[in-house]
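Engineer: Before I ask anything, here is the structure I am working with.
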Amino acid sequence: MKDKRLYTPSYLKELLQRFGFRFTKSLGQNFLIDGNIVRGIVDNSGIDGTSKVLEIGPGVGTLTEELAIKAEKVLSVEIDKSLEEILDETLKDYDNSKIYFGDILKVDLEKIVKEELDGGPIKVVANLPYYITTPILGRLLEEDLNFESITVMVQKEVAERIIAKPGSKNYSALSVFIDYYTVPEIIIEVPKTVFMPQPNVDSAVVKLDIKKEKPSGDRDKFFKVVKQSFAMRRKTLLNCLSKGDFEMTKDEIKEELEKIGINPGIRAEQLGVPEFLKIAEVIN
Ligand code: SAM
């Protein structure tokens, strides 16, 4: 049994060959071949026998199997139909695991989460396809779907932006977005050698604990302000905001920023969620 685990490189190779599977690079298909990392992701995701898990991109089912062993139910969304026969075999012993074929960015998440995971609460666990990391996180966080936490493998560079604090080198609009919705943490640093095929970049597993209370105020306006503030990195906050699609003139924006005690001459990377919330309240 031991060498028949999906993360065992020789077994994985044999399986892929037997089914004539070919990797599609453009789908971010880099499968895990290290049992310690697979267990590390699952153990750190806070899953127990009562957990309902949404997985994105099961591949051949390596992480899925470990999740199915620990959780009550696992629903995995996979875009690549050519993995169907393999998954039928690798997950045949797990009645609590179901695969839904579709694009995670397009499927009716609300419906499938309701039907397959009893509406949650849901823990998301995944080794993400890197080409759509940000859109996936965007979708998961913006739709209010009773998610408790999101534990995902991402590129190391993205993980650093996710956890970055104001004033630091990696701080960006993504950091603000993540901080608005979650409390993020890097839980495992992952070398590129644990994947087949090996990607060009190192990775990290991040855990995002979803905040129960979201900041109050106009969320769309908040993110419009954040996006515009980071639109031109070298420009001052005032310059960025005055080039945005707001009704106020540059002078009016300057006046409003000064009134709320924010220096119009600083750069967006100095500001955190509370400051952007204040700006969103006064700018129009
Ligand atoms: N979970 C497996 C593992 O850890 O070995 C595979 C992870 S691999 C990095 C990413 C997986 O996401 C692939 O199986 C790929 O086909 C799938 N995928 C890519 N784009 C997707 C999309 N838009 N929706 C759902 N799955 C997608």
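Labeling convention for the structure tokens: chains A, B, ... as they appear, residues from 1 per chain, ligands from 1 in order of appearance.
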With a distance cut-off of 7 Å and only C-alpha atoms, select the neighbouring residues of range 156-169 of chain A, excluding the residue or stretch itself and same-chain residues fewer than 3 positions from it, and output the selection as a CSV table (one decimal) with C-alpha atoms, in the first residue's frame.
Structural biologist:
```csv
chain,number,residue,atom,x,y,z
A,172,SER,CA,0.3,45.8,-3.0
A,174,LEU,CA,-3.6,42.2,-3.3
A,175,SER,CA,-2.3,42.6,0.3
A,178,ILE,CA,-6.6,39.9,1.5
A,184,PRO,CA,-3.3,35.5,6.4
A,185,GLU,CA,-0.3,33.3,7.4
A,186,ILE,CA,2.4,31.4,5.5
A,202,ASP,CA,9.3,28.1,-5.4
A,203,SER,CA,5.9,27.9,-3.6
A,204,ALA,CA,4.4,28.4,-0.2
A,206,VAL,CA,-0.9,30.1,2.9
A,269,GLU,CA,2.0,51.5,0.0
A,270,GLN,CA,2.0,53.4,3.2
A,271,LEU,CA,-1.7,52.9,3.8
A,272,GLY,CA,-3.6,50.1,5.4
```
Engineer: Which residues are near ligand 1 - at most 9 Å, using only C-alpha atoms and all ligand atoms? Format: as a ChimeraX atom specification.
Structural biologist: /A:6-7,23-33,38,55-64,76-81,83,101-107,126-132,136,153-154,195-196
Engineer: Produce a file of the selected residues containing N, CA and C atoms, as a short mmCIF file (atom, residue, chain, number, x, y, z; two decimals), in the first residue's frame.
Structural biologist:
```
data_model
loop_
_atom_site.label_atom_id
_atom_site.label_comp_id
_atom_site.auth_asym_id
_atom_site.auth_seq_id
_atom_site.Cartn_x
_atom_site.Cartn_y
_atom_site.Cartn_z
N LEU A 6 -0.37 8.15 -4.14
CA LEU A 6 -0.32 8.94 -5.38
C LEU A 6 0.87 9.89 -5.45
N TYR A 7 1.40 10.25 -4.28
CA TYR A 7 2.56 11.15 -4.28
C TYR A 7 3.88 10.42 -4.49
N PHE A 23 0.32 16.00 -19.53
CA PHE A 23 0.20 17.25 -18.76
C PHE A 23 -0.14 18.42 -19.69
N THR A 24 -1.03 19.29 -19.24
CA THR A 24 -1.31 20.51 -19.98
C THR A 24 -0.71 21.67 -19.19
N LYS A 25 0.37 22.20 -19.72
CA LYS A 25 1.10 23.24 -19.00
C LYS A 25 0.23 24.47 -18.74
N SER A 26 -0.58 24.81 -19.76
CA SER A 26 -1.38 26.03 -19.63
C SER A 26 -2.46 25.91 -18.54
N LEU A 27 -2.71 24.68 -18.04
CA LEU A 27 -3.68 24.53 -16.94
C LEU A 27 -2.98 24.48 -15.58
N GLY A 28 -1.69 24.80 -15.57
CA GLY A 28 -0.96 24.84 -14.29
C GLY A 28 -0.87 23.47 -13.65
N GLN A 29 -0.71 22.42 -14.47
CA GLN A 29 -0.70 21.06 -13.91
C GLN A 29 0.68 20.66 -13.39
N ASN A 30 0.90 20.89 -12.13
CA ASN A 30 2.12 20.46 -11.45
C ASN A 30 1.65 19.66 -10.24
N PHE A 31 1.82 18.34 -10.32
CA PHE A 31 1.26 17.47 -9.30
C PHE A 31 2.25 17.25 -8.16
N LEU A 32 1.71 17.12 -6.96
CA LEU A 32 2.57 16.95 -5.77
C LEU A 32 3.15 15.54 -5.71
N ILE A 33 4.44 15.46 -5.38
CA ILE A 33 5.08 14.13 -5.25
C ILE A 33 5.82 14.02 -3.92
N VAL A 38 1.96 17.02 1.30
CA VAL A 38 0.51 16.72 1.21
C VAL A 38 -0.08 16.67 2.62
N GLU A 55 -12.23 21.57 -2.73
CA GLU A 55 -10.89 21.55 -3.30
C GLU A 55 -10.95 22.07 -4.74
N ILE A 56 -9.92 22.80 -5.13
CA ILE A 56 -9.86 23.29 -6.52
C ILE A 56 -8.72 22.56 -7.21
N GLY A 57 -9.01 21.90 -8.33
CA GLY A 57 -7.97 21.24 -9.11
C GLY A 57 -7.39 20.01 -8.44
N PRO A 58 -8.14 18.90 -8.39
CA PRO A 58 -7.65 17.69 -7.72
C PRO A 58 -6.52 16.97 -8.46
N GLY A 59 -6.36 17.26 -9.77
CA GLY A 59 -5.33 16.52 -10.53
C GLY A 59 -5.69 15.05 -10.55
N VAL A 60 -4.76 14.18 -10.09
CA VAL A 60 -5.08 12.74 -10.03
C VAL A 60 -5.67 12.35 -8.66
N GLY A 61 -5.84 13.34 -7.78
CA GLY A 61 -6.49 13.06 -6.49
C GLY A 61 -5.53 12.91 -5.31
N THR A 62 -4.31 13.40 -5.46
CA THR A 62 -3.29 13.22 -4.42
C THR A 62 -3.70 13.88 -3.09
N LEU A 63 -4.04 15.15 -3.18
CA LEU A 63 -4.46 15.87 -1.98
C LEU A 63 -5.89 15.45 -1.59
N THR A 64 -6.68 15.20 -2.60
CA THR A 64 -8.09 14.80 -2.40
C THR A 64 -8.18 13.57 -1.48
N SER A 76 -14.48 18.40 -5.11
CA SER A 76 -13.34 18.93 -5.86
C SER A 76 -13.80 19.39 -7.24
N VAL A 77 -13.38 20.58 -7.63
CA VAL A 77 -13.75 21.12 -8.95
C VAL A 77 -12.52 21.04 -9.85
N GLU A 78 -12.65 20.29 -10.95
CA GLU A 78 -11.52 20.09 -11.87
C GLU A 78 -11.95 20.45 -13.30
N ILE A 79 -11.10 21.19 -13.99
CA ILE A 79 -11.45 21.62 -15.35
C ILE A 79 -11.15 20.55 -16.40
N ASP A 80 -10.18 19.68 -16.11
CA ASP A 80 -9.65 18.78 -17.14
C ASP A 80 -10.37 17.43 -17.13
N LYS A 81 -11.29 17.27 -18.08
CA LYS A 81 -12.09 16.05 -18.17
C LYS A 81 -11.23 14.81 -18.43
N LEU A 83 -8.91 13.82 -16.86
CA LEU A 83 -8.51 13.19 -15.59
C LEU A 83 -9.62 12.31 -15.01
N PHE A 101 -16.80 18.44 -12.63
CA PHE A 101 -15.96 18.93 -13.73
C PHE A 101 -16.46 20.28 -14.22
N GLY A 102 -15.57 21.27 -14.17
CA GLY A 102 -15.93 22.61 -14.61
C GLY A 102 -14.80 23.57 -14.28
N ASP A 103 -14.98 24.81 -14.71
CA ASP A 103 -13.98 25.86 -14.48
C ASP A 103 -14.34 26.57 -13.18
N ILE A 104 -13.45 26.56 -12.23
CA ILE A 104 -13.73 27.16 -10.92
C ILE A 104 -14.15 28.62 -11.02
N LEU A 105 -13.72 29.29 -12.09
CA LEU A 105 -14.08 30.70 -12.24
C LEU A 105 -15.49 30.87 -12.82
N LYS A 106 -16.05 29.75 -13.34
CA LYS A 106 -17.36 29.89 -14.01
C LYS A 106 -18.48 29.08 -13.36
N VAL A 107 -18.14 28.04 -12.61
CA VAL A 107 -19.21 27.18 -12.06
C VAL A 107 -20.10 27.97 -11.10
N ALA A 126 -6.41 23.62 -1.37
CA ALA A 126 -6.03 23.36 -2.77
C ALA A 126 -4.57 23.63 -3.04
N ASN A 127 -4.08 22.91 -4.03
CA ASN A 127 -2.80 23.24 -4.66
C ASN A 127 -3.23 23.95 -5.94
N LEU A 128 -3.25 25.28 -5.90
CA LEU A 128 -3.91 26.05 -6.96
C LEU A 128 -3.18 26.01 -8.30
N PRO A 129 -3.95 26.10 -9.40
CA PRO A 129 -3.32 26.36 -10.70
C PRO A 129 -2.85 27.82 -10.69
N TYR A 130 -1.52 28.03 -10.82
CA TYR A 130 -0.96 29.36 -10.56
C TYR A 130 -1.39 30.44 -11.54
N TYR A 131 -1.77 30.03 -12.77
CA TYR A 131 -2.10 31.06 -13.77
C TYR A 131 -3.37 31.84 -13.40
N ILE A 132 -4.15 31.31 -12.44
CA ILE A 132 -5.37 32.04 -12.05
C ILE A 132 -5.50 32.19 -10.53
N ILE A 136 -9.02 33.39 -8.64
CA ILE A 136 -9.69 32.40 -7.77
C ILE A 136 -9.90 33.00 -6.38
N MET A 153 -1.81 26.31 -1.78
CA MET A 153 -0.46 26.43 -2.30
C MET A 153 -0.46 27.50 -3.38
N VAL A 154 0.45 28.44 -3.26
CA VAL A 154 0.57 29.50 -4.28
C VAL A 154 2.06 29.71 -4.56
N PHE A 195 7.24 18.86 -7.01
CA PHE A 195 6.18 18.77 -8.03
C PHE A 195 6.65 18.00 -9.26
N MET A 196 5.69 17.38 -9.93
CA MET A 196 5.95 16.76 -11.23
C MET A 196 4.92 17.31 -12.22
#
```
Engineer: Could you pull the residues within 8 Å of Ile260 in chain A, counting only C-alpha atoms, minus those fewer than 2 positions along the same chain, as a PyMOL selection string?
Structural biologist: chain A and resi 256-258+262+278-279
Engineer: Write a file of the selected residues as a PDB file, in the first residue's frame, keeping C-alpha atoms.
Structural biologist:
```pdb
ATOM      1  CA  GLU A 256     -10.752  65.862   1.649  1.00  0.00           C
ATOM      2  CA  LEU A 257      -7.554  63.872   2.261  1.00  0.00           C
ATOM      3  CA  GLU A 258      -6.161  66.660   4.424  1.00  0.00           C
ATOM      4  CA  ILE A 262      -4.004  61.753   5.303  1.00  0.00           C
ATOM      5  CA  LYS A 278     -11.634  56.530   5.522  1.00  0.00           C
ATOM      6  CA  ILE A 279     -10.722  57.713   2.028  1.00  0.00           C
TER       7      ILE A 279
END
```
Engineer: May I ask which of the residues A:Arg267, A:Lys254, A:Ile69, A:Val205 is the closest one to Lys235 in chain A, counting only C-alpha atoms?
Structural biologist: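 Closest candidate: A:Arg267.
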